[in-house]
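File shown here: coords-v8.csv, holding CSV, C-alpha atoms.
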```csv
chain,number,residue,atom,x,y,z
A,1,MET,CA,115.4,101.8,98.1
A,2,ARG,CA,115.1,100.5,101.7
A,3,THR,CA,111.9,98.8,100.8
A,4,ALA,CA,113.5,97.2,97.7
A,5,ALA,CA,116.2,95.8,99.9
A,6,ALA,CA,113.6,94.4,102.3
A,7,LEU,CA,111.8,92.7,99.5
A,8,PHE,CA,115.1,91.3,98.2
A,9,ARG,CA,116.0,89.9,101.6
A,10,HIS,CA,112.5,88.4,101.9
A,11,GLU,CA,112.7,86.7,98.5
A,12,VAL,CA,116.1,85.2,99.2
A,13,ARG,CA,114.9,84.0,102.6
A,14,LEU,CA,111.8,82.4,101.0
A,15,ALA,CA,114.0,80.7,98.4
A,16,LEU,CA,116.3,79.3,101.1
A,17,ARG,CA,113.4,78.3,103.4
A,18,SER,CA,111.7,76.3,100.6
A,19,GLY,CA,115.0,74.9,99.3
A,20,GLY,CA,113.3,72.4,97.0
A,21,GLU,CA,112.4,75.1,94.4
A,22,MET,CA,115.9,76.5,94.5
A,23,ALA,CA,117.4,73.1,93.9
A,24,GLN,CA,115.1,72.4,91.0
A,25,GLY,CA,117.0,74.4,88.5
A,26,LEU,CA,120.4,73.2,89.6
A,27,THR,CA,119.3,69.5,89.7
A,28,PHE,CA,117.9,69.8,86.2
A,29,PHE,CA,121.2,71.5,85.0
A,30,LEU,CA,123.4,68.9,86.5
A,31,LEU,CA,121.3,65.8,85.6
A,32,ALA,CA,120.9,66.8,82.0
A,33,LEU,CA,124.6,67.6,81.7
A,34,SER,CA,125.6,64.3,83.2
A,35,LEU,CA,123.2,62.4,80.8
A,36,PHE,CA,124.7,63.9,77.7
A,37,PRO,CA,128.0,62.0,77.7
A,38,LEU,CA,126.0,58.8,78.1
A,39,GLY,CA,123.8,59.8,75.1
A,40,VAL,CA,126.3,61.1,72.6
A,41,GLY,CA,129.2,58.9,73.8
A,42,PRO,CA,132.1,59.8,76.0
A,43,GLY,CA,134.5,60.6,73.2
A,44,PRO,CA,136.5,63.8,74.2
A,45,GLN,CA,136.3,65.3,70.7
A,46,VAL,CA,132.5,65.3,70.7
A,47,LEU,CA,132.1,66.6,74.2
A,48,GLU,CA,134.8,69.3,73.6
A,49,ARG,CA,132.9,70.4,70.5
A,50,ILE,CA,129.5,70.6,72.0
A,51,GLY,CA,130.3,71.2,75.7
A,52,VAL,CA,130.1,75.0,75.8
A,53,GLY,CA,127.0,75.2,73.8
A,54,LEU,CA,125.4,72.5,76.0
A,55,ILE,CA,126.2,74.4,79.2
A,56,TRP,CA,124.6,77.6,77.8
A,57,VAL,CA,121.5,75.9,76.4
A,58,LEU,CA,120.9,74.1,79.7
A,59,ALA,CA,121.6,77.2,81.8
A,60,LEU,CA,119.0,79.0,79.7
A,61,PHE,CA,116.4,76.3,80.3
A,62,ALA,CA,117.2,76.0,84.0
A,63,VAL,CA,116.8,79.7,84.5
A,64,THR,CA,113.6,80.1,82.3
A,65,LEU,CA,111.8,77.1,83.8
A,66,THR,CA,112.3,78.2,87.4
A,67,LEU,CA,111.1,81.7,86.5
A,68,GLU,CA,107.6,80.4,85.9
A,69,ARG,CA,106.7,80.7,89.6
A,70,LEU,CA,108.3,84.1,90.0
A,71,TYR,CA,105.0,86.0,90.2
A,72,THR,CA,102.2,83.4,90.3
A,73,ALA,CA,102.4,82.7,94.0
A,74,ASP,CA,102.4,86.4,94.8
A,75,ALA,CA,99.4,87.0,92.6
A,76,GLN,CA,97.4,84.2,94.1
A,77,ASP,CA,98.1,84.9,97.8
A,78,GLY,CA,97.6,88.6,97.5
A,79,THR,CA,101.2,89.7,98.0
A,80,LEU,CA,101.0,91.5,94.7
A,81,ASP,CA,98.2,93.7,96.0
A,82,LEU,CA,100.3,94.4,99.0
A,83,LEU,CA,103.3,95.4,96.9
A,84,ALA,CA,101.1,97.6,94.7
A,85,THR,CA,99.9,99.6,97.7
A,86,ALA,CA,103.4,99.7,99.4
A,87,ASP,CA,106.0,102.5,99.3
A,88,ILE,CA,107.7,100.9,96.3
A,89,SER,CA,107.2,101.2,92.5
A,90,LEU,CA,106.4,98.0,90.6
A,91,GLU,CA,109.5,98.7,88.5
A,92,LEU,CA,111.7,98.4,91.7
A,93,VAL,CA,109.7,95.3,92.7
A,94,ALA,CA,110.6,93.7,89.3
A,95,VAL,CA,114.3,94.5,89.9
A,96,ALA,CA,114.4,93.2,93.5
A,97,LYS,CA,112.6,90.0,92.6
A,98,ALA,CA,114.7,89.4,89.5
A,99,ALA,CA,117.9,90.0,91.5
A,100,ALA,CA,116.8,87.6,94.2
A,101,HIS,CA,115.8,85.0,91.7
A,102,TRP,CA,119.1,85.3,89.9
A,103,LEU,CA,121.0,84.9,93.2
A,104,THR,CA,119.2,81.7,93.9
A,105,SER,CA,119.3,80.2,90.4
A,106,GLY,CA,121.8,81.7,87.9
A,107,ALA,CA,124.5,82.4,90.5
A,108,ILE,CA,124.3,78.9,91.8
A,109,LEU,CA,124.7,77.5,88.3
A,110,ILE,CA,127.8,79.7,87.9
A,111,LEU,CA,129.3,78.3,91.1
A,112,PHE,CA,128.9,74.8,89.7
A,113,SER,CA,129.9,75.5,86.2
A,114,PRO,CA,133.7,74.9,86.6
A,115,LEU,CA,132.8,71.5,88.0
A,116,VAL,CA,130.7,70.9,84.9
A,117,CYS,CA,133.5,71.8,82.6
A,118,LEU,CA,135.7,69.3,84.4
A,119,LEU,CA,133.0,66.7,84.1
A,120,LEU,CA,132.7,67.2,80.3
A,121,GLY,CA,136.5,67.2,79.9
A,122,LEU,CA,136.7,70.8,78.5
A,123,PRO,CA,140.0,72.6,78.2
A,124,ALA,CA,141.3,74.2,81.4
A,125,GLU,CA,140.8,77.7,80.1
A,126,THR,CA,137.0,77.2,80.4
A,127,TYR,CA,137.2,76.9,84.2
A,128,TRP,CA,137.5,80.7,84.2
A,129,ALA,CA,135.9,81.6,80.9
A,130,VAL,CA,132.6,79.8,81.4
A,131,PRO,CA,131.7,81.3,84.9
A,132,THR,CA,132.8,84.7,83.8
A,133,VAL,CA,130.7,84.7,80.7
A,134,LEU,CA,127.7,83.2,82.5
A,135,LEU,CA,128.1,85.9,85.1
A,136,LEU,CA,127.5,88.5,82.4
A,137,GLY,CA,124.8,86.6,80.6
A,138,THR,CA,122.5,84.9,83.1
A,139,PRO,CA,121.2,88.1,84.7
A,140,THR,CA,120.0,89.1,81.3
A,141,LEU,CA,118.2,85.8,80.9
A,142,THR,CA,116.5,86.3,84.3
A,143,LEU,CA,115.5,89.9,83.5
A,144,ILE,CA,114.0,89.0,80.1
A,145,GLY,CA,112.3,85.9,81.5
A,146,SER,CA,110.7,88.0,84.3
A,147,ILE,CA,108.7,89.9,81.6
A,148,GLY,CA,107.2,86.6,80.5
A,149,ALA,CA,106.6,85.5,84.0
A,150,ALA,CA,104.7,88.7,84.8
A,151,LEU,CA,102.6,88.3,81.5
A,152,LEU,CA,101.6,84.8,82.4
A,153,VAL,CA,100.8,85.5,86.1
A,154,ASN,CA,97.1,84.5,85.7
A,155,SER,CA,97.5,81.6,83.3
A,156,ARG,CA,97.7,78.0,84.5
A,157,ARG,CA,100.5,75.9,83.3
A,158,GLY,CA,102.4,78.8,81.8
A,159,GLY,CA,105.7,77.0,81.7
A,160,LEU,CA,105.7,76.1,78.1
A,161,LEU,CA,104.1,79.3,77.0
A,162,LEU,CA,106.7,81.2,79.0
A,163,ALA,CA,109.5,79.5,77.1
A,164,LEU,CA,107.8,80.3,73.8
A,165,ILE,CA,107.5,84.0,74.7
A,166,VAL,CA,110.9,84.6,76.1
A,167,LEU,CA,113.2,82.2,74.3
A,168,PRO,CA,113.3,84.3,71.1
A,169,LEU,CA,114.4,87.3,73.1
A,170,GLN,CA,117.1,85.2,74.9
A,171,ILE,CA,118.6,83.7,71.8
A,172,PRO,CA,121.1,86.6,71.3
A,173,VAL,CA,122.5,86.1,74.8
A,174,LEU,CA,123.0,82.4,73.9
A,175,ILE,CA,124.8,83.2,70.6
A,176,PHE,CA,127.2,85.7,72.0
A,177,GLY,CA,127.7,83.8,75.2
A,178,VAL,CA,128.9,80.7,73.4
A,179,SER,CA,130.9,82.7,70.9
A,180,ALA,CA,132.6,84.6,73.8
A,181,ILE,CA,133.7,81.4,75.5
A,182,GLU,CA,135.0,79.9,72.2
A,183,GLY,CA,136.9,83.1,71.4
A,184,TRP,CA,138.4,83.1,74.9
A,185,VAL,CA,139.5,79.5,74.8
A,186,SER,CA,140.8,79.6,71.2
A,187,GLY,CA,142.9,82.6,72.1
A,188,LEU,CA,141.2,84.9,69.5
A,189,GLY,CA,140.0,87.1,72.3
A,190,ALA,CA,136.5,87.6,73.6
A,191,ALA,CA,136.3,91.4,74.1
A,192,PRO,CA,133.7,92.2,71.5
A,193,GLN,CA,131.4,89.5,72.6
A,194,LEU,CA,131.8,90.4,76.2
A,195,MET,CA,131.0,94.0,75.4
A,196,ILE,CA,127.9,93.0,73.5
A,197,LEU,CA,126.8,90.8,76.5
A,198,GLY,CA,127.4,93.7,78.8
A,199,ALA,CA,125.4,96.0,76.6
A,200,MET,CA,122.5,93.5,76.5
A,201,LEU,CA,122.6,93.3,80.3
A,202,LEU,CA,122.5,97.1,80.7
A,203,GLY,CA,119.7,97.3,78.1
A,204,ALA,CA,117.7,94.6,79.9
A,205,LEU,CA,118.3,96.2,83.3
A,206,ALA,CA,116.9,99.5,81.9
A,207,LEU,CA,113.9,98.1,79.9
A,208,ALA,CA,112.8,94.8,81.4
A,209,PRO,CA,111.6,96.3,84.8
A,210,ILE,CA,109.4,98.7,82.9
A,211,ALA,CA,107.9,96.0,80.8
A,212,THR,CA,107.5,93.7,83.8
A,213,ALA,CA,105.8,96.4,85.9
A,214,ALA,CA,103.4,97.1,83.0
A,215,ALA,CA,102.5,93.4,82.8
A,216,LEU,CA,102.0,93.3,86.6
A,217,ARG,CA,99.6,96.2,86.4
A,218,LEU,CA,97.5,94.3,83.9
A,219,ALA,CA,97.6,91.3,86.2
A,220,LEU,CA,96.2,93.3,89.1
A,221,GLU,CA,93.0,94.0,87.3
B,1,MET,CA,89.6,113.4,103.2
B,2,LEU,CA,88.2,111.1,100.5
B,3,LEU,CA,85.9,112.5,97.9
B,4,VAL,CA,84.5,110.3,95.1
B,5,GLU,CA,82.4,111.7,92.3
B,6,GLY,CA,80.7,109.9,89.4
B,7,LEU,CA,82.9,106.9,89.8
B,8,ALA,CA,82.5,104.1,87.3
B,9,CYS,CA,84.3,100.8,86.9
B,10,ARG,CA,84.4,98.4,83.9
B,11,ARG,CA,85.8,94.9,84.2
B,12,ALA,CA,86.0,92.5,81.3
B,13,GLY,CA,83.8,94.7,79.2
B,14,ARG,CA,81.0,94.8,81.8
B,15,THR,CA,80.0,97.9,83.8
B,16,VAL,CA,80.3,96.8,87.4
B,17,PHE,CA,79.0,100.2,88.8
B,18,LYS,CA,78.7,103.7,87.6
B,19,ASP,CA,77.8,107.2,88.9
B,20,LEU,CA,79.0,106.5,92.5
B,21,SER,CA,79.5,109.5,94.6
B,22,PHE,CA,80.3,109.7,98.3
B,23,THR,CA,82.7,111.4,100.8
B,24,VAL,CA,84.4,110.0,103.8
B,25,GLU,CA,85.7,112.5,106.3
B,26,ALA,CA,88.7,112.1,108.6
B,27,GLY,CA,87.5,109.9,111.4
B,28,GLY,CA,84.6,108.7,109.2
B,29,ALA,CA,83.6,105.4,107.9
B,30,LEU,CA,81.6,103.8,105.2
B,31,MET,CA,80.0,100.4,105.0
B,32,LEU,CA,79.6,98.8,101.6
B,33,ARG,CA,76.7,96.4,101.2
B,34,GLY,CA,75.2,94.5,98.4
B,35,PRO,CA,74.7,91.0,97.0
B,36,ASN,CA,77.6,88.9,95.6
B,37,GLY,CA,79.0,90.4,92.4
B,38,SER,CA,77.6,93.8,93.1
B,39,GLY,CA,81.0,95.4,92.9
B,40,LYS,CA,82.0,95.9,96.5
B,41,SER,CA,85.4,94.3,95.9
B,42,SER,CA,85.9,96.2,92.6
B,43,LEU,CA,85.1,99.5,94.3
B,44,LEU,CA,87.7,98.8,97.0
B,45,ARG,CA,90.3,97.8,94.4
B,46,VAL,CA,89.6,101.0,92.4
B,47,LEU,CA,90.0,103.1,95.6
B,48,ALA,CA,93.2,101.3,96.4
B,49,GLY,CA,94.5,102.1,92.9
B,50,LEU,CA,94.8,98.5,91.9
B,51,VAL,CA,92.2,98.7,89.1
B,52,PRO,CA,92.0,101.8,86.9
B,53,LYS,CA,88.7,103.7,87.1
B,54,ALA,CA,86.6,104.0,83.9
B,55,ALA,CA,85.2,107.4,84.7
B,56,GLY,CA,84.9,109.8,87.6
B,57,ARG,CA,87.0,111.5,90.2
B,58,ILE,CA,88.8,110.3,93.3
B,59,GLU,CA,90.3,113.0,95.5
B,60,ARG,CA,92.5,112.2,98.5
B,61,GLY,CA,93.9,114.5,101.2
B,62,SER,CA,96.8,116.6,99.9
B,63,ARG,CA,99.2,115.8,102.7
B,64,ALA,CA,101.7,113.1,101.8
B,65,ASP,CA,100.9,111.0,104.9
B,66,THR,CA,97.3,110.8,104.0
B,67,GLU,CA,98.1,109.2,100.7
B,68,ALA,CA,99.1,105.9,102.4
B,69,LEU,CA,96.4,103.3,102.7
B,70,HIS,CA,95.8,99.7,103.8
B,71,TYR,CA,94.1,97.4,101.5
B,72,VAL,CA,93.0,94.1,103.0
B,73,GLY,CA,91.4,91.8,100.4
B,74,HIS,CA,90.3,88.2,100.5
B,75,ALA,CA,93.8,86.9,99.9
B,76,ASP,CA,95.9,87.0,103.0
B,77,ALA,CA,99.3,87.6,101.5
B,78,LEU,CA,101.0,85.2,103.9
B,79,LYS,CA,104.0,82.9,103.0
B,80,PRO,CA,103.5,79.4,104.5
B,81,ALA,CA,107.2,78.9,104.9
B,82,LEU,CA,107.8,82.0,107.1
B,83,THR,CA,106.8,82.3,110.7
B,84,VAL,CA,104.0,84.5,112.0
B,85,GLU,CA,106.5,87.2,113.1
B,86,GLU,CA,108.5,87.1,109.9
B,87,ASN,CA,105.3,87.4,107.8
B,88,LEU,CA,104.2,90.5,109.7
B,89,ALA,CA,107.7,92.0,109.8
B,90,PHE,CA,107.9,91.7,106.0
B,91,VAL,CA,104.6,93.5,105.6
B,92,ALA,CA,105.7,96.2,108.0
B,93,ASP,CA,109.0,96.6,106.1
B,94,ILE,CA,107.3,96.8,102.7
B,95,LEU,CA,104.8,99.3,104.0
B,96,GLY,CA,107.5,101.6,105.3
B,97,GLY,CA,108.1,100.3,108.8
B,98,GLY,CA,105.9,99.7,111.8
B,99,ALA,CA,105.6,98.0,115.2
B,100,VAL,CA,105.4,94.3,114.7
B,101,GLU,CA,105.1,93.7,118.4
B,102,ILE,CA,101.9,95.9,118.6
B,103,GLY,CA,100.4,94.0,115.7
B,104,LEU,CA,101.1,90.7,117.3
B,105,ARG,CA,99.6,91.8,120.6
B,106,THR,CA,96.5,93.3,119.2
B,107,PHE,CA,95.3,90.0,117.8
B,108,GLU,CA,96.9,87.8,120.5
B,109,LEU,CA,99.5,86.3,118.2
B,110,VAL,CA,102.5,86.6,120.5
B,111,ARG,CA,102.3,83.0,121.5
B,112,LEU,CA,102.3,82.0,117.8
B,113,ALA,CA,105.1,84.3,116.8
B,114,ASP,CA,107.6,81.5,115.9
B,115,THR,CA,105.0,79.2,114.3
B,116,PRO,CA,105.3,78.8,110.5
B,117,ALA,CA,102.2,80.3,108.8
B,118,ARG,CA,101.4,76.9,107.2
B,119,HIS,CA,100.4,75.6,110.6
B,120,LEU,CA,97.8,78.3,111.2
B,121,SER,CA,94.1,77.8,111.1
B,122,SER,CA,92.1,80.0,108.8
B,123,GLY,CA,91.0,82.3,111.6
B,124,GLN,CA,94.6,82.7,112.8
B,125,ARG,CA,95.6,83.5,109.2
B,126,ARG,CA,93.0,86.2,109.1
B,127,ARG,CA,94.1,87.6,112.4
B,128,LEU,CA,97.7,87.7,111.2
B,129,THR,CA,96.6,89.5,108.0
B,130,LEU,CA,94.6,92.1,110.0
B,131,ALA,CA,97.5,92.6,112.4
B,132,ARG,CA,99.1,94.8,109.9
B,133,LEU,CA,96.4,97.4,110.5
B,134,ALA,CA,97.6,97.7,114.1
B,135,ALA,CA,101.3,97.4,113.2
B,136,VAL,CA,101.6,100.0,110.5
B,137,PRO,CA,99.8,103.3,110.9
B,138,ARG,CA,98.1,104.3,107.6
B,139,HIS,CA,95.4,106.8,107.1
B,140,LEU,CA,92.7,105.1,105.0
B,141,TRP,CA,91.7,101.4,105.5
B,142,LEU,CA,90.0,99.6,102.7
B,143,LEU,CA,88.7,96.3,104.1
B,144,ASP,CA,87.1,93.6,102.0
B,145,GLU,CA,85.0,91.4,104.3
B,146,PRO,CA,87.6,91.6,107.1
B,147,ALA,CA,85.8,89.5,109.6
B,148,VAL,CA,85.4,86.4,107.6
B,149,GLY,CA,86.6,83.4,109.7
B,150,LEU,CA,87.0,85.4,112.9
B,151,ASP,CA,85.4,84.3,116.2
B,152,THR,CA,83.3,86.8,118.3
B,153,ARG,CA,86.2,87.7,120.5
B,154,ASN,CA,88.4,88.7,117.6
B,155,ARG,CA,85.5,90.4,115.8
B,156,ASP,CA,85.2,92.6,118.9
B,157,ARG,CA,88.9,93.3,118.7
B,158,LEU,CA,88.6,94.3,115.1
B,159,GLU,CA,85.7,96.6,115.9
B,160,ALA,CA,87.7,98.2,118.7
B,161,LEU,CA,90.7,98.6,116.4
B,162,ILE,CA,88.5,100.3,113.8
B,163,ALA,CA,87.0,102.6,116.5
B,164,ASP,CA,90.5,103.5,117.8
B,165,HIS,CA,91.6,104.3,114.3
B,166,ARG,CA,88.7,106.6,113.7
B,167,THR,CA,89.3,108.5,117.0
B,168,MET,CA,92.8,109.1,115.8
B,169,GLY,CA,91.5,110.7,112.6
B,170,GLY,CA,91.7,107.7,110.3
B,171,ALA,CA,89.0,106.6,107.8
B,172,VAL,CA,87.6,103.2,107.1
B,173,ILE,CA,85.7,101.8,104.2
B,174,ALA,CA,84.6,98.2,104.7
B,175,ALA,CA,82.6,95.8,102.6
B,176,THR,CA,80.7,93.4,104.9
B,177,HIS,CA,77.8,91.1,105.1
B,178,GLY,CA,76.8,92.5,108.4
B,179,ASP,CA,79.2,90.5,110.6
B,180,ILE,CA,80.9,93.6,112.1
B,181,ALA,CA,79.3,96.9,113.2
B,182,ILE,CA,80.9,100.2,112.8
B,183,ASP,CA,79.3,103.0,114.9
B,184,GLY,CA,77.5,105.7,113.0
B,185,ALA,CA,78.8,104.6,109.6
B,186,PRO,CA,76.6,105.3,106.7
B,187,THR,CA,75.9,102.4,104.4
B,188,LEU,CA,76.4,102.4,100.6
B,189,GLU,CA,74.1,99.9,98.9
B,190,LEU,CA,75.6,98.5,95.7
B,191,GLY,CA,74.0,96.6,92.8
B,192,GLY,CA,70.5,95.2,93.1
```

Give the structure from this file in structure tokens form.
Amino acid sequence: MRTAAALFRHEVRLALRSGGEMAQGLTFFLLALSLFPLGVGPGPQVLERIGVGLIWVLALFAVTLTLERLYTADAQDGTLDLLATADISLELVAVAKAAAHWLTSGAILILFSPLVCLLLGLPAETYWAVPTVLLLGTPTLTLIGSIGAALLVNSRRGGLLLALIVLPLQIPVLIFGVSAIEGWVSGLGAAPQLMILGAMLLGALALAPIATAAALRLALE
Amino acid sequence: MLLVEGLACRRAGRTVFKDLSFTVEAGGALMLRGPNGSGKSSLLRVLAGLVPKAAGRIERGSRADTEALHYVGHADALKPALTVEENLAFVADILGGGAVEIGLRTFELVRLADTPARHLSSGQRRRLTLARLAAVPRHLWLLDEPAVGLDTRNRDRLEALIADHRTMGGAVIAATHGDIAIDGAPTLELGG
């Protein structure tokens, strides 16, 4: 556990030190979102209708695209060999790395999401609803995506392939994420959707590290 | 402390080596020799547990502290954005704790401690990678051409480090092309 904590701190420090990569996901998220009103027209009805879905789709892309590099650098520079001979199971490695990646990608999107709601002119309820639901959904996206990242460790230009592999698995999070926010804002209640999102998070937390570690073992050969 | 019997390794459908048998006692050493592609690196990776073996038996000492091993491959596992000290401290943390200071001193890296690893020369990178051997005590050392890029001075240091490790009861298996000498170590010829 101490080793996992050390790995987590190391990963966060690396992300902060090479800030460019960390800013990539956020920049993509904010740029794409600020372009949409220009593309579809600034009418409040249109933006209110598509805003929530837009935030979720772009969050999904931002998280998945930055995941591509999660394991490639470690595999190339030998860190993966080091981790495999260290006092830590590869399953814990997967959890620690996914947690660090989430903190430096998903968590930052969440911090900025109320601002984005304001930008798109969404109703005031979303300032709470969107970050809360993203908080429950984005860790699942990261965990599922890390399986794909581990599978594609040795392939060059895996970005598009990664999206193809993991997007189908991430779609349920998208569907229930959007529906939770819509339920919340319309006053119908979001409890069932939030519970399903929570269940998916717990399921991913239990299963994704096992799958990721299996993929990493293949990569070591 | 290490017993290998009838070991075989297959990679990508090709048999890299088979029927390998040898033992390495505590305080012992083994040199791996052979042309490029003869399976020296594969053997070290199998012994490190990174690649599954196709057949055979590998037995290690039964005590828990003899399970731990150092594997130093061609890749140096350094992060360019971190300083020399941070890189070594991370390796020590992940391998269960060690003395970073000793590692830095062994390969004369103290002066470079605050330099980011991206500014290091390839010889300095190599020294930093090898510093983990001195920083973190582990029983079995698996070294894949450890002296590549080292100058004579540091090659001597590495040889001295290996000798010290063996007098303390550790074991070393090293693949080399003859650039370092290990006293009294038998040679295992691979391939050919």

Define the interface residues of chain A facing chain B as those within 6 Å, counting only C-alpha atoms, and report them as a ChimeraX atom specification. /A:3,77-79,86-87,221

Report, in Å to a single decimal, how far apart CA of Pro139 (chain A) and CA of Ala96 (chain A) are. 12.2 Å

Point (129.3, 77.4, 75.7) neighbourhood (9 Å, all atoms listed in the file) written as a PDB file with C-alpha atoms, in the frame of the given file:
```pdb
ATOM      1  CA  ILE A  50     129.500  70.600  72.000  1.00  0.00           C
ATOM      2  CA  GLY A  51     130.300  71.200  75.700  1.00  0.00           C
ATOM      3  CA  VAL A  52     130.100  75.000  75.800  1.00  0.00           C
ATOM      4  CA  GLY A  53     127.000  75.200  73.800  1.00  0.00           C
ATOM      5  CA  LEU A  54     125.400  72.500  76.000  1.00  0.00           C
ATOM      6  CA  ILE A  55     126.200  74.400  79.200  1.00  0.00           C
ATOM      7  CA  TRP A  56     124.600  77.600  77.800  1.00  0.00           C
ATOM      8  CA  VAL A  57     121.500  75.900  76.400  1.00  0.00           C
ATOM      9  CA  VAL A 130     132.600  79.800  81.400  1.00  0.00           C
ATOM     10  CA  VAL A 133     130.700  84.700  80.700  1.00  0.00           C
ATOM     11  CA  LEU A 174     123.000  82.400  73.900  1.00  0.00           C
ATOM     12  CA  ILE A 175     124.800  83.200  70.600  1.00  0.00           C
ATOM     13  CA  GLY A 177     127.700  83.800  75.200  1.00  0.00           C
ATOM     14  CA  VAL A 178     128.900  80.700  73.400  1.00  0.00           C
ATOM     15  CA  SER A 179     130.900  82.700  70.900  1.00  0.00           C
ATOM     16  CA  ALA A 180     132.600  84.600  73.800  1.00  0.00           C
ATOM     17  CA  ILE A 181     133.700  81.400  75.500  1.00  0.00           C
ATOM     18  CA  GLU A 182     135.000  79.900  72.200  1.00  0.00           C
TER      19      GLU A 182
END
```

Glu101 (chain B) proximity check over B:Thr115, B:Arg166, B:Leu128, B:Thr176, using all atoms listed in the file: winner is B:Leu128

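Of the residues under consideration (A:Ala199, A:Leu188, A:Thr142, A:Gly159), A:Thr142 shows the shortest atom-to-atom contact distance to Leu103 (chain A) when counting all atoms listed in the file.
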
Expressed in Å, the length from CA of Ile165 (chain A) to CA of Leu16 (chain A) is 28.2 Å

Residue neighbourhood Leu67 (chain A), 7 Å, all atoms listed in the file, exclusion window fewer than 6 positions, as a PDB file with C-alpha atoms, keeping the file's coordinate frame:
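And here is the file that came out, out02.pdb:
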```
ATOM      1  CA  GLY A 145     112.300  85.900  81.500  1.00  0.00           C
ATOM      2  CA  SER A 146     110.700  88.000  84.300  1.00  0.00           C
ATOM      3  CA  ALA A 149     106.600  85.500  84.000  1.00  0.00           C
TER       4      ALA A 149
END
```

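Distances here use all atoms listed in the file; by that measure, the residue among A:Gly25, A:Leu202, A:Ala59, A:Gln45 closest to Gly121 (chain A) is A:Gln45.
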
Rounded to one decimal in Å, what is the spacing between CA of Asp151 (chain B) and CA of Gln124 (chain B)? 9.9 Å

Contacts of Arg153 (chain B) at 12 Å or less, counting all atoms listed in the file, minus same-chain residues fewer than 5 places along, as a ChimeraX atom specification? /B:106-108,123,127,147,158-160,180

The selected residues should be written to file as a JSON list (two decimals), keeping the file's coordinate frame (atoms: C-alpha atoms).
```json
[["chain", "number", "residue", "atom", "x", "y", "z"],
["B", 106, "THR", "CA", 96.50, 93.30, 119.20],
["B", 107, "PHE", "CA", 95.30, 90.00, 117.80],
["B", 108, "GLU", "CA", 96.90, 87.80, 120.50],
["B", 123, "GLY", "CA", 91.00, 82.30, 111.60],
["B", 127, "ARG", "CA", 94.10, 87.60, 112.40],
["B", 147, "ALA", "CA", 85.80, 89.50, 109.60],
["B", 158, "LEU", "CA", 88.60, 94.30, 115.10],
["B", 159, "GLU", "CA", 85.70, 96.60, 115.90],
["B", 160, "ALA", "CA", 87.70, 98.20, 118.70],
["B", 180, "ILE", "CA", 80.90, 93.60, 112.10]]
```

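Counting all atoms listed in the file, the residue from B:Gly28, B:Gly13, B:Gly98, B:Pro35 that sits nearest to Arg138 (chain B) is B:Gly98.
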
Exercise: residues within 6 Å of coordinate (86.8, 93.4, 104.9), counting all atoms listed in the file, as number ranges by chain: B: 143-146, 174-175

Contacts of region 37-39 of chain B at 7 Å (all atoms listed in the file; same-chain gap of 3+ positions) as a ChimeraX atom specification: /B:16-17,34,42-43,190-191

At a cut-off of 8 Å, using all atoms listed in the file, what residues contact Ile88 (chain A)? Leave out same-chain residues fewer than 2 positions from it and give the result as a short mmCIF file (atom, residue, chain, number, x, y, z; two decimals) with C-alpha atoms, in the frame of the given file.
```cif
data_model
loop_
_atom_site.label_atom_id
_atom_site.label_comp_id
_atom_site.auth_asym_id
_atom_site.auth_seq_id
_atom_site.Cartn_x
_atom_site.Cartn_y
_atom_site.Cartn_z
CA MET A 1 115.40 101.80 98.10
CA THR A 3 111.90 98.80 100.80
CA ALA A 4 113.50 97.20 97.70
CA LEU A 83 103.30 95.40 96.90
CA ALA A 84 101.10 97.60 94.70
CA ALA A 86 103.40 99.70 99.40
CA LEU A 90 106.40 98.00 90.60
CA LEU A 92 111.70 98.40 91.70
CA VAL A 93 109.70 95.30 92.70
CA ILE B 94 107.30 96.80 102.70
#
```
